[in-house]
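What follows is a set of notes on a single structure, which appears directly below.
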Amino acid sequence: MKACCVSFAGMAAGRADNGDEVELAIVTMQFDAANAESLMAVLSKYVVVTRMQHGCRNVDLCASVTHPGRYLVIQKWTSAAAQRDHFDSEVMVEMARSCNGLLTAAPAIDLWDGASAHDLL
């Protein structure tokens, strides 16, 4: 099994016993809220709907303990193509439009290499 993540830095690889290749794209989006209650509602809906999208392995929504009003969405996709398709989807566009006026700045979006792929084994 080949486990890798979309990244600016490159690919991480590993192999499982069955030899099947699996690609994993990991994306984070950090949001700083101007209106935390409304943003939480938008992001909660986004996470639920995104989990139903083709190619989505998992999506988590986390709230910062040290920075009140900061939220982090962590996504894992079966491939870079699935991740790109999602970012171009109506689900993503609707979430982005719904965030209008709820943020203190544009969200920080990043692509990651996974140091491990424990959820794939």
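Just so we're on the same page: first chain in the structure tokens is A, next is B, and so on; residues restart at 1 for each chain, and ligands are numbered from 1 in the order they show up.
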
Exercise. Could you give me, as an MDAnalysis selection string, the residues within 10 Å of stretch 50-65 of chain A, counting only C-alpha atoms and dropping anything in the same chain fewer than 3 positions from it?
Key: chainID A and resid 24:32 40 43:47 68:83 85:86 89 91:92 119:120

Expected file: the selected residues, N, CA and C atoms, as an mmCIF file, in the first residue's frame:
```
data_model
loop_
_atom_site.group_PDB
_atom_site.id
_atom_site.type_symbol
_atom_site.label_atom_id
_atom_site.label_comp_id
_atom_site.auth_asym_id
_atom_site.auth_seq_id
_atom_site.Cartn_x
_atom_site.Cartn_y
_atom_site.Cartn_z
ATOM 1 N N LEU A 24 -3.380 9.501 -0.316
ATOM 2 C CA LEU A 24 -4.130 10.220 0.711
ATOM 3 C C LEU A 24 -3.776 11.701 0.630
ATOM 4 N N ALA A 25 -4.780 12.532 0.439
ATOM 5 C CA ALA A 25 -4.585 13.980 0.412
ATOM 6 C C ALA A 25 -5.096 14.561 1.724
ATOM 7 N N ILE A 26 -4.260 15.328 2.417
ATOM 8 C CA ILE A 26 -4.627 15.926 3.701
ATOM 9 C C ILE A 26 -4.618 17.444 3.550
ATOM 10 N N VAL A 27 -5.712 18.061 3.992
ATOM 11 C CA VAL A 27 -5.868 19.513 3.890
ATOM 12 C C VAL A 27 -6.322 20.049 5.245
ATOM 13 N N THR A 28 -5.776 21.182 5.650
ATOM 14 C CA THR A 28 -6.283 21.885 6.830
ATOM 15 C C THR A 28 -6.743 23.276 6.416
ATOM 16 N N MET A 29 -7.782 23.731 7.094
ATOM 17 C CA MET A 29 -8.283 25.082 6.901
ATOM 18 C C MET A 29 -8.499 25.684 8.284
ATOM 19 N N GLN A 30 -7.799 26.780 8.570
ATOM 20 C CA GLN A 30 -7.916 27.460 9.863
ATOM 21 C C GLN A 30 -8.730 28.730 9.688
ATOM 22 N N PHE A 31 -9.742 28.882 10.530
ATOM 23 C CA PHE A 31 -10.650 30.023 10.477
ATOM 24 C C PHE A 31 -10.590 30.784 11.794
ATOM 25 N N ASP A 32 -10.482 32.110 11.724
ATOM 26 C CA ASP A 32 -10.574 32.963 12.905
ATOM 27 C C ASP A 32 -11.879 33.749 12.813
ATOM 28 N N MET A 40 -19.407 28.688 13.665
ATOM 29 C CA MET A 40 -19.492 27.296 14.100
ATOM 30 C C MET A 40 -20.661 26.590 13.405
ATOM 31 N N LEU A 43 -19.532 25.954 9.721
ATOM 32 C CA LEU A 43 -18.514 24.903 9.620
ATOM 33 C C LEU A 43 -19.058 23.536 10.011
ATOM 34 N N SER A 44 -19.945 23.483 10.989
ATOM 35 C CA SER A 44 -20.551 22.211 11.393
ATOM 36 C C SER A 44 -21.348 21.609 10.240
ATOM 37 N N LYS A 45 -22.130 22.429 9.571
ATOM 38 C CA LYS A 45 -22.891 21.951 8.408
ATOM 39 C C LYS A 45 -21.941 21.485 7.314
ATOM 40 N N TYR A 46 -20.905 22.274 7.056
ATOM 41 C CA TYR A 46 -19.920 21.932 6.022
ATOM 42 C C TYR A 46 -19.280 20.569 6.286
ATOM 43 N N VAL A 47 -18.903 20.320 7.531
ATOM 44 C CA VAL A 47 -18.269 19.050 7.878
ATOM 45 C C VAL A 47 -19.218 17.877 7.618
ATOM 46 N N PRO A 68 -9.515 31.433 21.531
ATOM 47 C CA PRO A 68 -10.977 31.407 21.391
ATOM 48 C C PRO A 68 -11.419 31.990 20.043
ATOM 49 N N GLY A 69 -12.355 31.319 19.403
ATOM 50 C CA GLY A 69 -12.846 31.772 18.113
ATOM 51 C C GLY A 69 -12.053 31.257 16.931
ATOM 52 N N ARG A 70 -11.040 30.426 17.180
ATOM 53 C CA ARG A 70 -10.251 29.834 16.095
ATOM 54 C C ARG A 70 -10.712 28.395 15.906
ATOM 55 N N TYR A 71 -10.974 28.045 14.648
ATOM 56 C CA TYR A 71 -11.445 26.705 14.301
ATOM 57 C C TYR A 71 -10.551 26.115 13.231
ATOM 58 N N LEU A 72 -10.365 24.806 13.300
ATOM 59 C CA LEU A 72 -9.534 24.093 12.342
ATOM 60 C C LEU A 72 -10.347 22.950 11.752
ATOM 61 N N VAL A 73 -10.409 22.907 10.421
ATOM 62 C CA VAL A 73 -11.031 21.793 9.711
ATOM 63 C C VAL A 73 -9.888 20.955 9.145
ATOM 64 N N ILE A 74 -9.908 19.660 9.449
ATOM 65 C CA ILE A 74 -8.895 18.723 8.952
ATOM 66 C C ILE A 74 -9.590 17.733 8.048
ATOM 67 N N GLN A 75 -9.128 17.651 6.807
ATOM 68 C CA GLN A 75 -9.743 16.773 5.816
ATOM 69 C C GLN A 75 -8.746 15.735 5.327
ATOM 70 N N LYS A 76 -9.242 14.507 5.097
ATOM 71 C CA LYS A 76 -8.453 13.463 4.439
ATOM 72 C C LYS A 76 -9.258 12.965 3.250
ATOM 73 N N TRP A 77 -8.599 12.953 2.083
ATOM 74 C CA TRP A 77 -9.226 12.554 0.828
ATOM 75 C C TRP A 77 -8.497 11.351 0.241
ATOM 76 N N THR A 78 -9.229 10.547 -0.512
ATOM 77 C CA THR A 78 -8.639 9.345 -1.108
ATOM 78 C C THR A 78 -7.607 9.668 -2.172
ATOM 79 N N SER A 79 -7.652 10.866 -2.728
ATOM 80 C CA SER A 79 -6.685 11.248 -3.765
ATOM 81 C C SER A 79 -6.636 12.764 -3.885
ATOM 82 N N ALA A 80 -5.589 13.230 -4.531
ATOM 83 C CA ALA A 80 -5.472 14.660 -4.810
ATOM 84 C C ALA A 80 -6.601 15.113 -5.730
ATOM 85 N N ALA A 81 -6.991 14.256 -6.666
ATOM 86 C CA ALA A 81 -8.080 14.599 -7.585
ATOM 87 C C ALA A 81 -9.394 14.779 -6.832
ATOM 88 N N ALA A 82 -9.678 13.892 -5.876
ATOM 89 C CA ALA A 82 -10.911 14.011 -5.082
ATOM 90 C C ALA A 82 -10.900 15.303 -4.271
ATOM 91 N N GLN A 83 -9.750 15.643 -3.719
ATOM 92 C CA GLN A 83 -9.626 16.883 -2.942
ATOM 93 C C GLN A 83 -9.854 18.092 -3.838
ATOM 94 N N ASP A 85 -11.495 18.199 -6.702
ATOM 95 C CA ASP A 85 -12.910 18.210 -7.106
ATOM 96 C C ASP A 85 -13.772 18.819 -6.007
ATOM 97 N N HIS A 86 -13.483 18.460 -4.762
ATOM 98 C CA HIS A 86 -14.253 19.014 -3.644
ATOM 99 C C HIS A 86 -14.061 20.527 -3.543
ATOM 100 N N SER A 89 -16.266 22.235 -5.773
ATOM 101 C CA SER A 89 -17.670 21.816 -5.667
ATOM 102 C C SER A 89 -18.573 22.904 -5.095
ATOM 103 N N VAL A 91 -20.495 22.481 -2.602
ATOM 104 C CA VAL A 91 -20.406 22.374 -1.140
ATOM 105 C C VAL A 91 -19.363 23.363 -0.604
ATOM 106 N N MET A 92 -18.206 23.383 -1.239
ATOM 107 C CA MET A 92 -17.131 24.284 -0.809
ATOM 108 C C MET A 92 -17.503 25.743 -1.093
ATOM 109 N N ASP A 119 -4.375 5.199 9.857
ATOM 110 C CA ASP A 119 -5.792 4.953 9.599
ATOM 111 C C ASP A 119 -6.000 4.104 8.346
ATOM 112 N N LEU A 120 -4.971 3.891 7.561
ATOM 113 C CA LEU A 120 -5.079 3.083 6.343
ATOM 114 C C LEU A 120 -4.731 1.628 6.575
#
```

Practice problem: For A:Leu39, please output as a ChimeraX atom specification all residues within 7 Å (counting only C-alpha atoms; exclusion window: fewer than 4 positions along the same chain). | Solution: /A:33,35,43,99,102

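Relative to atom CA of A:Ala36, atom CA of A:Leu103 is found at 8.5 Å.
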